[in-house]
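Data block for model-v5.cif (mmCIF, N, CA and C atoms):
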```cif
data_entry
loop_
_atom_site.label_atom_id
_atom_site.label_comp_id
_atom_site.auth_asym_id
_atom_site.auth_seq_id
_atom_site.Cartn_x
_atom_site.Cartn_y
_atom_site.Cartn_z
N MET A 1 8.70 -16.45 2.05
CA MET A 1 8.98 -15.09 2.40
C MET A 1 8.48 -14.13 1.34
N ASN A 2 8.16 -14.63 0.17
CA ASN A 2 7.66 -13.80 -0.90
C ASN A 2 6.15 -13.71 -0.79
N LYS A 3 5.65 -12.75 -0.04
CA LYS A 3 4.24 -12.60 0.19
C LYS A 3 3.71 -11.51 -0.73
N LYS A 4 2.96 -11.90 -1.74
CA LYS A 4 2.38 -10.94 -2.66
C LYS A 4 0.87 -11.04 -2.60
N ILE A 5 0.23 -9.93 -2.76
CA ILE A 5 -1.22 -9.88 -2.76
C ILE A 5 -1.67 -9.83 -4.20
N SER A 6 -2.61 -10.68 -4.55
CA SER A 6 -3.06 -10.77 -5.94
C SER A 6 -4.15 -9.75 -6.21
N LEU A 7 -3.95 -8.98 -7.25
CA LEU A 7 -4.93 -8.00 -7.66
C LEU A 7 -5.95 -8.62 -8.60
N HIS A 8 -5.56 -9.67 -9.30
CA HIS A 8 -6.39 -10.24 -10.34
C HIS A 8 -7.59 -10.99 -9.80
N SER A 9 -7.56 -11.41 -8.55
CA SER A 9 -8.67 -12.19 -8.02
C SER A 9 -9.91 -11.33 -7.82
N SER A 10 -9.74 -10.04 -7.56
CA SER A 10 -10.89 -9.21 -7.27
C SER A 10 -11.25 -8.27 -8.40
N SER A 11 -10.36 -8.09 -9.36
CA SER A 11 -10.64 -7.12 -10.41
C SER A 11 -11.11 -7.80 -11.67
N GLY A 12 -11.96 -7.12 -12.38
CA GLY A 12 -12.45 -7.64 -13.64
C GLY A 12 -11.51 -7.28 -14.77
N PRO A 13 -11.86 -7.69 -15.98
CA PRO A 13 -10.99 -7.40 -17.12
C PRO A 13 -10.93 -5.92 -17.46
N GLY A 14 -11.90 -5.14 -17.02
CA GLY A 14 -11.92 -3.71 -17.33
C GLY A 14 -11.27 -2.85 -16.26
N GLU A 15 -10.60 -3.44 -15.30
CA GLU A 15 -9.98 -2.68 -14.20
C GLU A 15 -8.85 -1.81 -14.74
N LYS A 16 -8.86 -0.57 -14.36
CA LYS A 16 -7.83 0.38 -14.79
C LYS A 16 -6.61 0.26 -13.89
N THR A 17 -5.42 0.29 -14.51
CA THR A 17 -4.20 0.20 -13.72
C THR A 17 -3.90 1.50 -13.01
N GLY A 18 -4.49 2.59 -13.44
CA GLY A 18 -4.26 3.87 -12.80
C GLY A 18 -5.27 4.20 -11.72
N SER A 19 -6.21 3.30 -11.47
CA SER A 19 -7.22 3.59 -10.45
C SER A 19 -6.57 3.61 -9.07
N VAL A 20 -7.23 4.24 -8.15
CA VAL A 20 -6.70 4.38 -6.80
C VAL A 20 -6.51 3.01 -6.16
N GLU A 21 -7.45 2.11 -6.37
CA GLU A 21 -7.37 0.79 -5.77
C GLU A 21 -6.15 0.02 -6.26
N SER A 22 -5.92 0.06 -7.58
CA SER A 22 -4.78 -0.69 -8.12
C SER A 22 -3.46 -0.05 -7.70
N GLN A 23 -3.43 1.27 -7.56
CA GLN A 23 -2.21 1.92 -7.08
C GLN A 23 -1.91 1.51 -5.64
N ILE A 24 -2.94 1.39 -4.82
CA ILE A 24 -2.74 0.98 -3.43
C ILE A 24 -2.28 -0.47 -3.37
N TYR A 25 -2.86 -1.34 -4.21
CA TYR A 25 -2.40 -2.73 -4.29
C TYR A 25 -0.92 -2.79 -4.66
N HIS A 26 -0.55 -2.03 -5.69
CA HIS A 26 0.84 -2.03 -6.17
C HIS A 26 1.79 -1.52 -5.09
N LEU A 27 1.42 -0.43 -4.44
CA LEU A 27 2.27 0.12 -3.38
C LEU A 27 2.39 -0.85 -2.21
N THR A 28 1.32 -1.55 -1.87
CA THR A 28 1.36 -2.52 -0.78
C THR A 28 2.32 -3.66 -1.10
N ASN A 29 2.29 -4.15 -2.35
CA ASN A 29 3.23 -5.20 -2.74
C ASN A 29 4.67 -4.72 -2.67
N ARG A 30 4.91 -3.48 -3.08
CA ARG A 30 6.26 -2.93 -3.01
C ARG A 30 6.71 -2.72 -1.57
N VAL A 31 5.79 -2.33 -0.70
CA VAL A 31 6.11 -2.15 0.72
C VAL A 31 6.50 -3.48 1.34
N ILE A 32 5.77 -4.54 1.01
CA ILE A 32 6.09 -5.87 1.54
C ILE A 32 7.47 -6.31 1.07
N LYS A 33 7.76 -6.07 -0.20
CA LYS A 33 9.06 -6.46 -0.76
C LYS A 33 10.20 -5.67 -0.09
N LEU A 34 10.02 -4.35 0.08
CA LEU A 34 11.06 -3.55 0.71
C LEU A 34 11.23 -3.88 2.18
N THR A 35 10.15 -4.22 2.85
CA THR A 35 10.24 -4.58 4.26
C THR A 35 11.08 -5.84 4.45
N SER A 36 10.87 -6.81 3.57
CA SER A 36 11.69 -8.02 3.69
C SER A 36 13.15 -7.73 3.35
N HIS A 37 13.40 -6.79 2.43
CA HIS A 37 14.77 -6.40 2.11
C HIS A 37 15.43 -5.73 3.32
N LEU A 38 14.67 -4.88 4.01
CA LEU A 38 15.23 -4.15 5.14
C LEU A 38 15.45 -5.04 6.36
N LYS A 39 14.78 -6.17 6.42
CA LYS A 39 15.05 -7.11 7.51
C LYS A 39 16.44 -7.70 7.38
N GLN A 40 16.90 -7.87 6.16
CA GLN A 40 18.25 -8.41 5.92
C GLN A 40 19.31 -7.31 5.93
N HIS A 41 18.95 -6.13 5.43
CA HIS A 41 19.90 -5.02 5.31
C HIS A 41 19.39 -3.85 6.14
N SER A 42 19.60 -3.93 7.44
CA SER A 42 18.99 -2.96 8.35
C SER A 42 19.60 -1.57 8.25
N LYS A 43 20.81 -1.44 7.70
CA LYS A 43 21.45 -0.13 7.61
C LYS A 43 21.35 0.50 6.22
N ASP A 44 20.44 0.01 5.42
CA ASP A 44 20.23 0.55 4.08
C ASP A 44 19.28 1.75 4.19
N TYR A 45 19.85 2.91 4.46
CA TYR A 45 19.05 4.08 4.77
C TYR A 45 18.35 4.66 3.55
N SER A 46 18.91 4.49 2.36
CA SER A 46 18.23 4.99 1.17
C SER A 46 16.97 4.17 0.89
N SER A 47 17.02 2.89 1.16
CA SER A 47 15.81 2.07 1.00
C SER A 47 14.79 2.40 2.08
N GLN A 48 15.24 2.74 3.27
CA GLN A 48 14.31 3.16 4.33
C GLN A 48 13.58 4.42 3.90
N ARG A 49 14.32 5.36 3.31
CA ARG A 49 13.69 6.60 2.86
C ARG A 49 12.67 6.32 1.77
N GLY A 50 13.01 5.42 0.85
CA GLY A 50 12.06 5.05 -0.19
C GLY A 50 10.81 4.40 0.37
N LEU A 51 11.00 3.58 1.41
CA LEU A 51 9.86 2.95 2.06
C LEU A 51 8.96 3.99 2.71
N TRP A 52 9.56 4.95 3.39
CA TRP A 52 8.76 6.01 4.02
C TRP A 52 7.97 6.81 2.99
N LYS A 53 8.60 7.09 1.84
CA LYS A 53 7.91 7.83 0.79
C LYS A 53 6.75 7.02 0.23
N MET A 54 6.95 5.71 0.05
CA MET A 54 5.87 4.85 -0.44
C MET A 54 4.73 4.78 0.55
N LEU A 55 5.06 4.67 1.85
CA LEU A 55 4.03 4.62 2.87
C LEU A 55 3.23 5.92 2.90
N GLY A 56 3.91 7.05 2.72
CA GLY A 56 3.23 8.33 2.69
C GLY A 56 2.29 8.45 1.50
N LYS A 57 2.74 7.99 0.35
CA LYS A 57 1.89 8.03 -0.84
C LYS A 57 0.69 7.12 -0.68
N ARG A 58 0.91 5.91 -0.12
CA ARG A 58 -0.20 4.99 0.10
C ARG A 58 -1.20 5.59 1.08
N LYS A 59 -0.69 6.26 2.10
CA LYS A 59 -1.58 6.88 3.09
C LYS A 59 -2.42 7.98 2.45
N ARG A 60 -1.80 8.79 1.60
CA ARG A 60 -2.55 9.85 0.91
C ARG A 60 -3.63 9.26 0.01
N LEU A 61 -3.30 8.19 -0.69
CA LEU A 61 -4.30 7.54 -1.54
C LEU A 61 -5.44 6.94 -0.71
N LEU A 62 -5.10 6.36 0.46
CA LEU A 62 -6.13 5.81 1.33
C LEU A 62 -7.04 6.91 1.88
N VAL A 63 -6.48 8.06 2.20
CA VAL A 63 -7.29 9.19 2.67
C VAL A 63 -8.25 9.63 1.58
N TYR A 64 -7.74 9.74 0.36
CA TYR A 64 -8.57 10.13 -0.77
C TYR A 64 -9.71 9.14 -0.98
N LEU A 65 -9.39 7.84 -0.93
CA LEU A 65 -10.39 6.81 -1.15
C LEU A 65 -11.42 6.80 -0.02
N SER A 66 -10.97 7.02 1.21
CA SER A 66 -11.91 7.01 2.34
C SER A 66 -12.88 8.19 2.28
N LYS A 67 -12.43 9.31 1.73
CA LYS A 67 -13.32 10.47 1.61
C LYS A 67 -14.31 10.32 0.47
N ASN A 68 -13.91 9.65 -0.61
CA ASN A 68 -14.75 9.58 -1.80
C ASN A 68 -15.61 8.32 -1.88
N ASP A 69 -15.10 7.17 -1.41
CA ASP A 69 -15.85 5.92 -1.52
C ASP A 69 -15.52 5.05 -0.31
N ILE A 70 -16.28 5.23 0.76
CA ILE A 70 -15.98 4.57 2.03
C ILE A 70 -16.15 3.05 1.93
N ASN A 71 -17.12 2.57 1.16
CA ASN A 71 -17.32 1.12 1.03
C ASN A 71 -16.15 0.46 0.33
N CYS A 72 -15.68 1.07 -0.74
CA CYS A 72 -14.53 0.53 -1.46
C CYS A 72 -13.28 0.57 -0.57
N TYR A 73 -13.15 1.62 0.22
CA TYR A 73 -12.02 1.75 1.14
C TYR A 73 -12.03 0.61 2.16
N GLU A 74 -13.18 0.35 2.76
CA GLU A 74 -13.27 -0.71 3.77
C GLU A 74 -13.00 -2.08 3.18
N ASN A 75 -13.51 -2.34 1.97
CA ASN A 75 -13.25 -3.62 1.30
C ASN A 75 -11.76 -3.78 1.01
N LEU A 76 -11.14 -2.72 0.56
CA LEU A 76 -9.72 -2.76 0.22
C LEU A 76 -8.86 -3.00 1.46
N ILE A 77 -9.18 -2.34 2.55
CA ILE A 77 -8.45 -2.52 3.81
C ILE A 77 -8.55 -3.97 4.28
N ASN A 78 -9.75 -4.54 4.18
CA ASN A 78 -9.94 -5.93 4.61
C ASN A 78 -9.19 -6.90 3.71
N LYS A 79 -9.20 -6.68 2.40
CA LYS A 79 -8.51 -7.59 1.47
C LYS A 79 -7.01 -7.53 1.65
N LEU A 80 -6.47 -6.32 1.85
CA LEU A 80 -5.03 -6.17 1.97
C LEU A 80 -4.51 -6.54 3.35
N GLY A 81 -5.37 -6.48 4.35
CA GLY A 81 -4.95 -6.80 5.71
C GLY A 81 -4.08 -5.72 6.32
N ILE A 82 -4.34 -4.46 5.95
CA ILE A 82 -3.58 -3.35 6.54
C ILE A 82 -4.50 -2.57 7.47
N ARG A 83 -3.86 -1.81 8.34
CA ARG A 83 -4.64 -1.03 9.30
C ARG A 83 -5.35 0.12 8.60
N GLY A 84 -6.47 0.49 9.15
CA GLY A 84 -7.19 1.64 8.64
C GLY A 84 -6.56 2.93 9.14
N LEU A 85 -7.10 4.03 8.67
CA LEU A 85 -6.58 5.33 9.07
C LEU A 85 -7.05 5.68 10.47
N LYS A 86 -6.25 6.48 11.17
CA LYS A 86 -6.65 6.95 12.48
C LYS A 86 -7.67 8.05 12.31
N ILE A 87 -8.75 7.96 13.06
CA ILE A 87 -9.81 8.97 12.98
C ILE A 87 -9.64 9.89 14.17
N ARG A 88 -9.55 11.17 13.87
CA ARG A 88 -9.38 12.16 14.95
C ARG A 88 -10.62 12.94 15.15
#
```

Would you encode the structure as C-alpha cells?
Amino acid sequence: MNKKISLHSSSGPGEKTGSVESQIYHLTNRVIKLTSHLKQHSKDYSSQRGLWKMLGKRKRLLVYLSKNDINCYENLINKLGIRGLKIR
C-alpha cells in the first residue's frame, strides 16, 4: 500500500530540489500518502482540505511547466502516471 515514486532514478547528482520537476514529484508522493490515509479515515476533513490545496499547487506547477517546457512536462506526466491538463 506504500506506493512511492522514486525521483532518484531519473535525476542526476546535480538535480535541484527546488526545481519544478522535483516539487511535482514531492507533491505527488504526498498526494498518494494522503489518499491512502483518507481511504481509512473518510471523515478527516482537515486532511481533505490539505489534499485539495496540494492538488491545486501541483496543478499550478504543471501549468507552468507545460507553458515553459512541453517536452519535460510530457516526460514527467508519463513517469508519474498522472493525467495531463485539460486543454480548452

Report task. Specify as a list in words each residue included when the PyMOL selection byres (((chain A and resi 21 and name CA) around 10) and name CA) is applied to this file. Result -> Leu7, Ser11, Glu15, Lys16, Thr17, Gly18, Ser19, Val20, Ser22, Gln23, Ile24, Tyr25, His26, Leu27, Leu61, Leu62, Leu65, Cys72, Tyr73 and Leu76 of chain A

Query raised in the report: Mind pulling up the distance from CA of Leu51 (chain A) to CA of Leu80 (chain A)?
Result: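 These atoms are spaced 17.5 Å apart.
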
Report task. Select from chain A everything DSSP, run on the backbone, classes as helix (DSSP H, G or I), then give the selection as a count of residues only. Result -> 56

Query raised in the report: Could you work out how far CA of Val31 (chain A) lies from atom N of Trp52 (chain A), giving the answer in Å with one decimal?
Result: 8.3 Å

Requested in this report: Could you please determine the separation between atom N of Asn75 (chain A) and CA of Gly50 (chain A) in Å, to one decimal place?
Outcome: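 Going from atom N of Asn75 (chain A) over to CA of Gly50 (chain A), I get 26.7 Å.
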